[in-house]
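Participant: Pasting protein-v5.cif here (mmCIF, C-alpha atoms):
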```cif
data_work
loop_
_atom_site.group_PDB
_atom_site.id
_atom_site.type_symbol
_atom_site.label_atom_id
_atom_site.label_comp_id
_atom_site.auth_asym_id
_atom_site.auth_seq_id
_atom_site.Cartn_x
_atom_site.Cartn_y
_atom_site.Cartn_z
ATOM 1 C CA TRP A 289 30.274 34.435 9.309
ATOM 2 C CA SER A 290 27.138 36.492 8.844
ATOM 3 C CA VAL A 291 23.807 36.479 7.039
ATOM 4 C CA VAL A 292 22.458 39.579 5.274
ATOM 5 C CA LEU A 293 18.645 39.797 5.118
ATOM 6 C CA ASN A 294 16.648 41.428 2.306
ATOM 7 C CA ASP A 295 16.219 44.613 4.336
ATOM 8 C CA GLY A 296 19.977 44.931 4.791
ATOM 9 C CA THR A 297 20.079 43.630 8.347
ATOM 10 C CA THR A 298 23.247 41.671 9.110
ATOM 11 C CA LEU A 299 23.098 38.730 11.500
ATOM 12 C CA ASP A 300 26.350 37.390 12.922
ATOM 13 C CA ALA A 301 26.567 33.613 13.024
ATOM 14 C CA ASP A 302 29.035 30.909 14.014
ATOM 15 C CA VAL A 303 27.513 28.422 11.564
ATOM 16 C CA VAL A 304 25.365 28.955 8.468
ATOM 17 C CA ILE A 305 23.283 26.051 7.123
ATOM 18 C CA LEU A 306 21.886 26.334 3.603
ATOM 19 C CA GLY A 307 18.721 24.384 2.756
ATOM 20 C CA THR A 308 18.584 25.090 -0.953
ATOM 21 C CA GLY A 309 16.549 22.077 -2.075
ATOM 22 C CA VAL A 310 16.621 20.530 -5.534
ATOM 23 C CA GLN A 311 14.907 21.034 -8.854
ATOM 24 C CA PRO A 312 14.299 17.622 -10.451
ATOM 25 C CA ASN A 313 14.624 17.344 -14.205
ATOM 26 C CA THR A 314 11.412 15.607 -15.274
ATOM 27 C CA GLU A 315 11.184 16.910 -18.818
ATOM 28 C CA VAL A 316 12.577 13.697 -20.288
ATOM 29 C CA VAL A 317 9.836 11.700 -18.527
ATOM 30 C CA ALA A 318 7.007 13.960 -19.668
ATOM 31 C CA LYS A 319 8.149 13.600 -23.275
ATOM 32 C CA ALA A 320 8.635 9.831 -23.142
ATOM 33 C CA VAL A 321 5.467 8.519 -21.446
ATOM 34 C CA SER A 322 1.852 9.530 -20.830
ATOM 35 C CA LEU A 323 1.025 11.201 -17.530
ATOM 36 C CA GLU A 324 -2.017 11.461 -15.292
ATOM 37 C CA LYS A 325 -3.587 14.851 -14.508
ATOM 38 C CA ASP A 326 -1.591 15.101 -11.286
ATOM 39 C CA GLY A 327 1.676 14.534 -13.166
ATOM 40 C CA SER A 328 2.160 10.921 -12.090
ATOM 41 C CA ILE A 329 3.305 8.335 -14.629
ATOM 42 C CA ASN A 330 0.478 6.311 -16.153
ATOM 43 C CA ALA A 331 1.237 2.572 -15.924
ATOM 44 C CA ASP A 332 -0.684 -0.675 -16.406
ATOM 45 C CA LYS A 333 -0.970 -3.667 -14.047
ATOM 46 C CA TYR A 334 2.501 -4.796 -15.151
ATOM 47 C CA LEU A 335 3.908 -1.316 -14.343
ATOM 48 C CA GLN A 336 4.595 -0.816 -18.032
ATOM 49 C CA THR A 337 4.115 2.722 -19.314
ATOM 50 C CA SER A 338 2.720 3.941 -22.636
ATOM 51 C CA ASN A 339 6.251 3.417 -23.947
ATOM 52 C CA GLN A 340 6.655 -0.372 -24.114
ATOM 53 C CA ASP A 341 10.371 -0.060 -23.337
ATOM 54 C CA ILE A 342 9.838 1.897 -20.111
ATOM 55 C CA PHE A 343 8.628 0.497 -16.785
ATOM 56 C CA ALA A 344 8.066 2.623 -13.701
ATOM 57 C CA ALA A 345 7.911 2.087 -9.944
ATOM 58 C CA GLY A 346 7.551 4.162 -6.795
ATOM 59 C CA ASP A 347 5.874 7.360 -5.641
ATOM 60 C CA CYS A 348 5.489 8.759 -9.158
ATOM 61 C CA VAL A 349 3.444 5.862 -10.600
ATOM 62 C CA ALA A 350 -0.332 5.558 -10.962
ATOM 63 C CA PHE A 351 -1.460 1.989 -11.626
ATOM 64 C CA PRO A 352 -4.753 0.022 -11.591
ATOM 65 C CA TYR A 353 -5.371 -1.485 -8.142
ATOM 66 C CA TRP A 354 -6.874 -4.928 -8.705
ATOM 67 C CA TYR A 355 -8.898 -4.927 -5.482
ATOM 68 C CA HIS A 356 -11.274 -2.091 -6.412
ATOM 69 C CA GLY A 357 -10.361 -1.448 -10.042
ATOM 70 C CA LYS A 358 -9.366 2.211 -9.680
ATOM 71 C CA LYS A 359 -6.021 3.784 -10.447
ATOM 72 C CA ILE A 360 -4.015 4.703 -7.373
ATOM 73 C CA LYS A 361 -0.642 6.174 -6.473
ATOM 74 C CA ILE A 362 0.986 5.044 -3.225
ATOM 75 C CA GLU A 363 3.753 7.168 -1.748
ATOM 76 C CA HIS A 364 5.418 4.740 0.644
ATOM 77 C CA TYR A 365 8.819 3.084 0.516
ATOM 78 C CA GLY A 366 7.484 -0.430 1.149
ATOM 79 C CA GLU A 367 5.260 -0.180 -1.906
ATOM 80 C CA ALA A 368 8.151 1.213 -3.955
ATOM 81 C CA ILE A 369 10.252 -1.847 -3.079
ATOM 82 C CA GLN A 370 7.477 -4.215 -4.155
ATOM 83 C CA GLN A 371 6.858 -2.292 -7.363
ATOM 84 C CA GLY A 372 10.558 -2.362 -8.178
ATOM 85 C CA GLN A 373 10.507 -6.158 -7.971
ATOM 86 C CA ILE A 374 7.393 -6.425 -10.141
ATOM 87 C CA ALA A 375 8.792 -4.024 -12.745
ATOM 88 C CA ALA A 376 12.058 -5.991 -12.839
ATOM 89 C CA TYR A 377 10.219 -9.290 -13.431
ATOM 90 C CA ASN A 378 8.257 -7.743 -16.278
ATOM 91 C CA MET A 379 11.363 -6.265 -17.866
ATOM 92 C CA LEU A 380 12.430 -9.900 -18.128
ATOM 93 C CA GLY A 381 9.127 -10.846 -19.750
ATOM 94 C CA LYS A 382 7.662 -12.690 -16.736
ATOM 95 C CA LYS A 383 4.233 -11.001 -16.974
ATOM 96 C CA VAL A 384 3.780 -10.527 -13.209
ATOM 97 C CA GLU A 385 0.725 -8.429 -12.330
ATOM 98 C CA HIS A 386 0.631 -6.009 -9.411
ATOM 99 C CA THR A 387 -1.597 -7.947 -7.005
ATOM 100 C CA GLN A 388 -0.267 -6.690 -3.676
ATOM 101 C CA VAL A 389 -2.314 -5.084 -0.887
ATOM 102 C CA PRO A 390 -0.797 -1.772 0.283
ATOM 103 C CA PHE A 391 0.452 -1.553 3.861
ATOM 104 C CA PHE A 392 2.152 1.104 5.942
ATOM 105 C CA TRP A 393 2.622 1.988 9.574
ATOM 106 C CA THR A 394 3.674 4.973 11.633
ATOM 107 C CA ARG A 395 4.579 5.342 15.291
ATOM 108 C CA GLN A 396 3.307 8.305 17.300
ATOM 109 C CA TYR A 397 4.834 8.401 20.787
ATOM 110 C CA THR A 398 3.944 5.000 22.320
ATOM 111 C CA ASN A 399 1.296 4.033 19.755
ATOM 112 C CA SER A 400 1.754 2.395 16.343
ATOM 113 C CA LEU A 401 -0.860 2.999 13.666
ATOM 114 C CA HIS A 402 -1.153 0.284 11.012
ATOM 115 C CA PHE A 403 -3.029 0.737 7.737
ATOM 116 C CA VAL A 404 -3.787 -1.945 5.152
ATOM 117 C CA GLY A 405 -5.575 -1.591 1.830
ATOM 118 C CA ASN A 406 -6.588 1.552 -0.027
ATOM 119 C CA ALA A 407 -9.671 3.531 0.980
ATOM 120 C CA LEU A 408 -10.253 5.386 -2.293
ATOM 121 C CA GLY A 409 -14.016 5.702 -2.765
ATOM 122 C CA TYR A 410 -15.061 4.680 0.773
ATOM 123 C CA ASP A 411 -18.458 5.940 1.921
ATOM 124 C CA ASN A 412 -18.676 4.653 5.501
ATOM 125 C CA VAL A 413 -16.434 3.852 8.455
ATOM 126 C CA TRP A 414 -17.075 1.416 11.289
ATOM 127 C CA VAL A 415 -14.861 1.448 14.381
ATOM 128 C CA ASP A 416 -14.478 -1.736 16.393
ATOM 129 C CA ASN A 417 -13.203 -0.343 19.693
ATOM 130 C CA THR A 418 -11.924 -2.970 22.116
ATOM 131 C CA SER A 419 -10.553 -0.604 24.764
ATOM 132 C CA THR A 420 -12.081 2.283 26.690
ATOM 133 C CA ASP A 421 -8.745 3.324 28.206
ATOM 134 C CA PRO A 422 -7.461 6.397 26.314
ATOM 135 C CA LYS A 423 -3.936 5.623 27.526
ATOM 136 C CA GLU A 424 -3.996 2.195 25.863
ATOM 137 C CA PRO A 425 -6.193 2.493 22.755
ATOM 138 C CA LYS A 426 -7.144 -0.676 20.885
ATOM 139 C CA PHE A 427 -9.354 -0.384 17.848
ATOM 140 C CA MET A 428 -9.830 -1.239 14.202
ATOM 141 C CA ALA A 429 -11.449 1.250 11.845
ATOM 142 C CA TYR A 430 -12.963 -0.394 8.773
ATOM 143 C CA TYR A 431 -13.243 1.776 5.637
ATOM 144 C CA ALA A 432 -15.862 0.407 3.264
ATOM 145 C CA GLN A 433 -17.712 1.218 0.075
ATOM 146 C CA GLY A 434 -21.170 -0.135 0.635
ATOM 147 C CA ASP A 435 -20.490 -3.488 2.295
ATOM 148 C CA LYS A 436 -17.067 -4.055 0.713
ATOM 149 C CA ILE A 437 -14.118 -3.489 3.053
ATOM 150 C CA LEU A 438 -11.484 -1.389 1.289
ATOM 151 C CA ALA A 439 -9.045 -0.701 4.106
ATOM 152 C CA VAL A 440 -8.455 -0.998 7.844
ATOM 153 C CA ALA A 441 -6.613 1.329 10.220
ATOM 154 C CA SER A 442 -5.685 -0.018 13.642
ATOM 155 C CA ILE A 443 -3.914 0.814 16.882
ATOM 156 C CA GLY A 444 -3.097 -1.905 19.393
ATOM 157 C CA ARG A 445 -4.426 -4.633 17.077
ATOM 158 C CA SER A 446 -1.798 -4.964 14.400
ATOM 159 C CA PRO A 447 -2.013 -8.808 14.249
ATOM 160 C CA ASP A 448 -5.745 -8.500 13.517
ATOM 161 C CA SER A 449 -5.136 -5.958 10.757
ATOM 162 C CA MET A 450 -2.656 -8.376 9.167
ATOM 163 C CA VAL A 451 -5.420 -10.998 9.086
ATOM 164 C CA ILE A 452 -7.592 -8.554 7.133
ATOM 165 C CA SER A 453 -4.658 -7.830 4.832
ATOM 166 C CA GLU A 454 -4.227 -11.535 4.050
ATOM 167 C CA ALA A 455 -7.978 -11.897 3.457
ATOM 168 C CA MET A 456 -7.829 -9.013 0.973
ATOM 169 C CA GLN A 457 -4.781 -10.546 -0.682
ATOM 170 C CA THR A 458 -6.624 -13.835 -1.236
ATOM 171 C CA ASN A 459 -9.816 -11.981 -2.199
ATOM 172 C CA SER A 460 -11.710 -13.702 0.626
ATOM 173 C CA CYS A 461 -12.483 -10.770 2.908
ATOM 174 C CA PRO A 462 -16.037 -11.007 4.350
ATOM 175 C CA PRO A 463 -18.462 -8.075 3.948
ATOM 176 C CA LEU A 464 -18.435 -5.394 6.628
ATOM 177 C CA SER A 465 -21.924 -6.363 7.807
ATOM 178 C CA ASP A 466 -20.628 -9.797 8.874
ATOM 179 C CA PHE A 467 -18.158 -8.180 11.272
ATOM 180 C CA LYS A 468 -20.659 -5.624 12.559
ATOM 181 C CA SER A 469 -23.274 -8.283 13.295
ATOM 182 C CA GLY A 470 -20.771 -10.666 14.881
ATOM 183 C CA LYS A 471 -21.431 -13.318 12.258
ATOM 184 C CA VAL A 472 -17.695 -13.408 11.548
ATOM 185 C CA THR A 473 -14.858 -12.618 13.953
ATOM 186 C CA ILE A 474 -11.165 -12.078 13.312
ATOM 187 C CA ALA A 475 -10.536 -15.486 14.919
ATOM 188 C CA ASP A 476 -12.967 -17.114 12.454
ATOM 189 C CA LEU A 477 -11.306 -15.403 9.518
ATOM 190 C CA LYS A 478 -7.861 -16.469 10.725
ATOM 191 C CA LYS A 479 -8.978 -20.117 10.789
ATOM 192 C CA ASN A 480 -10.395 -19.866 7.281
ATOM 193 C CA LEU A 481 -7.150 -18.370 6.001
ATOM 194 C CA ALA A 482 -5.108 -21.077 7.726
ATOM 195 C CA ALA A 483 -7.129 -23.665 5.815
ATOM 196 C CA GLN A 484 -6.038 -21.984 2.568
ATOM 197 C CA LYS A 485 -2.372 -21.912 3.563
ATOM 198 C CA GLY A 486 -0.014 -23.325 0.988
ATOM 199 C CA LYS A 487 -1.889 -22.082 -2.060
ATOM 200 C CA SER A 488 0.644 -20.428 -4.323
ATOM 201 C CA LYS A 489 -0.028 -16.809 -5.292
ATOM 202 C CA CYS A 490 2.843 -16.792 -7.757
ATOM 203 C CA LYS A 491 1.720 -16.160 -11.332
ATOM 204 C CA ARG A 492 5.119 -16.065 -12.998
ATOM 205 C CA ALA A 493 5.536 -18.167 -16.102
ATOM 206 C CA ASP A 494 7.939 -21.084 -15.569
ATOM 207 C CA CYS A 495 7.807 -20.548 -11.803
ATOM 208 C CA CYS A 496 9.664 -23.169 -9.761
ATOM 209 C CA LYS A 497 6.544 -23.794 -7.665
ATOM 210 C CA ASN A 498 4.483 -24.434 -10.787
ATOM 211 C CA LYS A 499 7.137 -26.842 -12.049
ATOM 212 C CA LYS A 500 7.064 -28.789 -8.790
ATOM 213 C CA THR A 501 3.284 -29.055 -9.046
ATOM 214 C CA GLU A 502 3.495 -30.301 -12.626
ATOM 215 C CA ASN A 503 6.118 -32.914 -11.721
ATOM 216 C CA LYS A 504 4.012 -34.449 -8.949
#
```
So that I can check it, write out the structure of this file as structure tokens.
Facilitator:
Amino acid sequence: WSVVLNDGTTLDADVVILGTGVQPNTEVVAKAVSLEKDGSINADKYLQTSNQDIFAAGDCVAFPYWYHGKKIKIEHYGEAIQQGQIAAYNMLGKKVEHTQVPFFWTRQYTNSLHFVGNALGYDNVWVDNTSTDPKEPKFMAYYAQGDKILAVASIGRSPDSMVISEAMQTNSCPPLSDFKSGKVTIADLKKNLAAQKGKSKCKRADCCKNKKTENK
């Protein structure tokens, strides 16, 4: 085996690995539905495209994010799974809106970074640092637009970030100033959310939970 370079140089090799890549065929999509400026598929809150017979989900979709009203595109597999479920419900005429809060995490060496929400349009960041040891960082970084918390990034405090995520999901997240002043703590917020536990977030027509409620 050998590899010949552009200048004619020949390199002997025991194994040759070709990384040729792929060229996706997206012409059919561009002709069938409307696209955003960045090439992503334009969808509504039901993940329905400009073509009423086509629904879309995943990295390629731009949809209106209910929490701040702007269109976003989320390139993460967890979001793609959720969108696939929502699109499937709506293909069946269930009229399920996309009302999820984005979440992803990544692990770098011994630290896990968690991120909830979407920070599009943020204009200030407040870091609640609960550790001064660089070897064991513990913090939550709040991304806000004005006083409205849009997203939180955390290391060493993933349970706390999940509390914020649930508060966003129920649209009961306190303003950033309440956390900064100490008026509200994560423990306080967790208690408030626990008091709301059991409230159904399901909006599907003919949902089994709704039926049980009606039969009581």
Participant: Between CA of Phe391 in chain A and CA of Gln340 in chain A, what distance in Å does the model show, to one decimal?
Facilitator: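 One can read the CA of Phe391 in chain A to CA of Gln340 in chain A distance as 28.7 Å.
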Participant: Determine the nearest neighbour of Asp411 in chain A from the options A:Thr398, A:Thr314, A:Gln433, A:Gln371, counting only C-alpha atoms.
Facilitator: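 Checking each candidate against Asp411 in chain A, we get A:Gln433 as the closest.
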Participant: Return the single residue from A:Leu306, A:Ala368, A:Ala331, A:Leu464 that is closest to Glu385 in chain A, with distances computed using all atoms listed in the file.
Facilitator: A:Ala331
Participant: Just checking: using all atoms listed in the file, which residue out of A:Gly357, A:Val303, A:Pro390, A:Tyr431 ends up closest to Val415 in chain A?
Facilitator: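 Closest to Val415 in chain A, using all atoms listed in the file: A:Tyr431.
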Participant: Rank nothing, just name the residue among A:Thr418, A:Gln311, A:Asn406, A:Ser453 nearest to Leu477 in chain A, using only C-alpha atoms.
Facilitator: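 Closest to Leu477 in chain A, using only C-alpha atoms: A:Ser453.
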Participant: Report, in Å with one decimal, the straight-line distance from CA of Arg395 in chain A to CA of Tyr353 in chain A.
Facilitator: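 Those two atoms sit 26.4 Å apart.
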Participant: Separation of CA of Lys319 in chain A and CA of Ala345 in chain A, in Å?
Facilitator: 17.6 Å
Participant: For Asn459 in chain A, which residue among A:Arg445, A:His356, A:Lys423, A:His364 is the nearest when counting all atoms listed in the file?
Facilitator: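 Closest candidate: A:His356.
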Participant: Tell me which residues the PyMOL selection byres ((chain A and resi 346) around 12) grabs here, as a PyMOL selection string.
Facilitator: chain A and resi 328-331+335+343-345+347-351+360-375
Participant: Name the residues in contact with Trp289 in chain A at a cut-off of 9 Å, using only C-alpha atoms, excluding same-chain residues fewer than 6 positions from it; report them as a list of chain:residue names.
Facilitator: A:Leu299, A:Asp300, A:Ala301, A:Asp302, A:Val303, A:Val304
Participant: Kindly save the residues from that selection, with C-alpha atoms included, as a PDB file, in the frame of the given file.
Facilitator:
```pdb
ATOM      1  CA  LEU A 299      23.098  38.730  11.500  1.00  0.00           C
ATOM      2  CA  ASP A 300      26.350  37.390  12.922  1.00  0.00           C
ATOM      3  CA  ALA A 301      26.567  33.613  13.024  1.00  0.00           C
ATOM      4  CA  ASP A 302      29.035  30.909  14.014  1.00  0.00           C
ATOM      5  CA  VAL A 303      27.513  28.422  11.564  1.00  0.00           C
ATOM      6  CA  VAL A 304      25.365  28.955   8.468  1.00  0.00           C
TER       7      VAL A 304
END
```
Participant: When the PyMOL selection byres ((chain A and resi 452) around 10) is applied to the structure above, which residues does it catch, written out as a CSV table (one decimal) with C-alpha atoms, in the coordinates of the input?
Facilitator:
```csv
chain,number,residue,atom,x,y,z
A,404,VAL,CA,-3.8,-1.9,5.2
A,405,GLY,CA,-5.6,-1.6,1.8
A,430,TYR,CA,-13.0,-0.4,8.8
A,437,ILE,CA,-14.1,-3.5,3.1
A,439,ALA,CA,-9.0,-0.7,4.1
A,440,VAL,CA,-8.5,-1.0,7.8
A,446,SER,CA,-1.8,-5.0,14.4
A,447,PRO,CA,-2.0,-8.8,14.2
A,448,ASP,CA,-5.7,-8.5,13.5
A,449,SER,CA,-5.1,-6.0,10.8
A,450,MET,CA,-2.7,-8.4,9.2
A,451,VAL,CA,-5.4,-11.0,9.1
A,453,SER,CA,-4.7,-7.8,4.8
A,454,GLU,CA,-4.2,-11.5,4.0
A,455,ALA,CA,-8.0,-11.9,3.5
A,456,MET,CA,-7.8,-9.0,1.0
A,457,GLN,CA,-4.8,-10.5,-0.7
A,458,THR,CA,-6.6,-13.8,-1.2
A,460,SER,CA,-11.7,-13.7,0.6
A,461,CYS,CA,-12.5,-10.8,2.9
A,462,PRO,CA,-16.0,-11.0,4.4
A,474,ILE,CA,-11.2,-12.1,13.3
A,477,LEU,CA,-11.3,-15.4,9.5
A,478,LYS,CA,-7.9,-16.5,10.7
A,481,LEU,CA,-7.2,-18.4,6.0
```
Participant: Hey, can I get the axis-aligned box for range 357-374 of chain A? All listed atoms, 8 Å padding on each side, centre and edge lengths in Å to one decimal, as JSON.
Facilitator:
```
{"center_x": 0.1, "center_y": 0.4, "center_z": -4.6, "size_x": 36.9, "size_y": 29.6, "size_z": 27.6}
```
Participant: Can you tell me, as a list in words, what residues are no more than 9 Å from Trp354 in chain A when counting all atoms listed in the file, ignoring any on the same chain fewer than 6 positions away?
Facilitator: Lys333, His386, Thr387 and Gln388 of chain A
Participant: Counting all atoms listed in the file, which residue out of A:Ile342, A:Leu408, A:Leu293, A:Val413 sits closest to Ala376 in chain A?
Facilitator: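 Of A:Ile342, A:Leu408, A:Leu293, A:Val413, the one nearest Ala376 in chain A is A:Ile342, counting all atoms listed in the file.
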Participant: Working from the structure I just supplied, which lacks atoms in range 426-447 of chain A, can you model N, CA, C and O atoms there and output them as a CSV table (one decimal), in the coordinates of the input?
Facilitator:
```csv
chain,number,residue,atom,x,y,z
A,426,LYS,N,-7.1,0.5,21.7
A,426,LYS,CA,-7.1,-0.7,20.9
A,426,LYS,C,-8.4,-0.6,20.0
A,426,LYS,O,-9.5,-0.7,20.5
A,427,PHE,N,-8.2,-0.5,18.7
A,427,PHE,CA,-9.4,-0.4,17.8
A,427,PHE,C,-9.0,-0.8,16.4
A,427,PHE,O,-7.8,-0.8,16.1
A,428,MET,N,-10.0,-1.1,15.6
A,428,MET,CA,-9.8,-1.2,14.2
A,428,MET,C,-10.9,-0.4,13.5
A,428,MET,O,-12.1,-0.6,13.8
A,429,ALA,N,-10.5,0.4,12.6
A,429,ALA,CA,-11.4,1.2,11.8
A,429,ALA,C,-11.5,0.7,10.4
A,429,ALA,O,-10.6,0.6,9.7
A,430,TYR,N,-12.7,0.2,10.1
A,430,TYR,CA,-13.0,-0.4,8.8
A,430,TYR,C,-13.5,0.7,7.8
A,430,TYR,O,-14.5,1.3,8.1
A,431,TYR,N,-12.8,0.9,6.7
A,431,TYR,CA,-13.2,1.8,5.6
A,431,TYR,C,-13.9,0.9,4.5
A,431,TYR,O,-13.2,0.0,4.0
A,432,ALA,N,-15.1,1.2,4.2
A,432,ALA,CA,-15.9,0.4,3.3
A,432,ALA,C,-16.6,1.3,2.2
A,432,ALA,O,-16.9,2.4,2.5
A,433,GLN,N,-16.8,0.6,1.1
A,433,GLN,CA,-17.7,1.2,0.1
A,433,GLN,C,-18.9,0.3,0.0
A,433,GLN,O,-18.8,-0.8,-0.5
A,434,GLY,N,-20.0,0.8,0.5
A,434,GLY,CA,-21.2,-0.1,0.6
A,434,GLY,C,-20.8,-1.2,1.7
A,434,GLY,O,-20.5,-0.8,2.8
A,435,ASP,N,-20.8,-2.4,1.3
A,435,ASP,CA,-20.5,-3.5,2.3
A,435,ASP,C,-19.1,-4.1,2.0
A,435,ASP,O,-18.7,-5.0,2.7
A,436,LYS,N,-18.4,-3.5,1.1
A,436,LYS,CA,-17.1,-4.1,0.7
A,436,LYS,C,-16.0,-3.3,1.5
A,436,LYS,O,-15.9,-2.1,1.4
A,437,ILE,N,-15.2,-4.1,2.3
A,437,ILE,CA,-14.1,-3.5,3.1
A,437,ILE,C,-13.0,-3.1,2.1
A,437,ILE,O,-12.4,-4.0,1.4
A,438,LEU,N,-12.6,-1.9,2.1
A,438,LEU,CA,-11.5,-1.4,1.3
A,438,LEU,C,-10.2,-1.3,2.0
A,438,LEU,O,-9.1,-1.5,1.5
A,439,ALA,N,-10.3,-0.9,3.3
A,439,ALA,CA,-9.0,-0.7,4.1
A,439,ALA,C,-9.4,-0.8,5.6
A,439,ALA,O,-10.5,-0.6,6.0
A,440,VAL,N,-8.3,-1.0,6.4
A,440,VAL,CA,-8.5,-1.0,7.8
A,440,VAL,C,-7.3,-0.2,8.5
A,440,VAL,O,-6.1,-0.5,8.1
A,441,ALA,N,-7.6,0.6,9.4
A,441,ALA,CA,-6.6,1.3,10.2
A,441,ALA,C,-6.7,0.8,11.6
A,441,ALA,O,-7.8,0.6,12.1
A,442,SER,N,-5.6,0.6,12.3
A,442,SER,CA,-5.7,0.0,13.6
A,442,SER,C,-4.6,0.5,14.6
A,442,SER,O,-3.5,0.9,14.1
A,443,ILE,N,-4.9,0.5,15.8
A,443,ILE,CA,-3.9,0.8,16.9
A,443,ILE,C,-4.1,-0.3,17.9
A,443,ILE,O,-5.2,-0.5,18.4
A,444,GLY,N,-3.0,-0.9,18.4
A,444,GLY,CA,-3.1,-1.9,19.4
A,444,GLY,C,-3.6,-3.2,18.9
A,444,GLY,O,-3.8,-4.2,19.7
A,445,ARG,N,-3.9,-3.4,17.6
A,445,ARG,CA,-4.4,-4.6,17.1
A,445,ARG,C,-3.8,-5.0,15.7
A,445,ARG,O,-4.4,-5.4,14.8
A,446,SER,N,-2.5,-4.7,15.7
A,446,SER,CA,-1.8,-5.0,14.4
A,446,SER,C,-1.9,-6.4,13.9
A,446,SER,O,-2.0,-6.6,12.7
A,447,PRO,N,-1.8,-7.4,14.8
A,447,PRO,CA,-2.0,-8.8,14.2
A,447,PRO,C,-3.4,-9.0,13.6
A,447,PRO,O,-3.5,-9.7,12.6
```
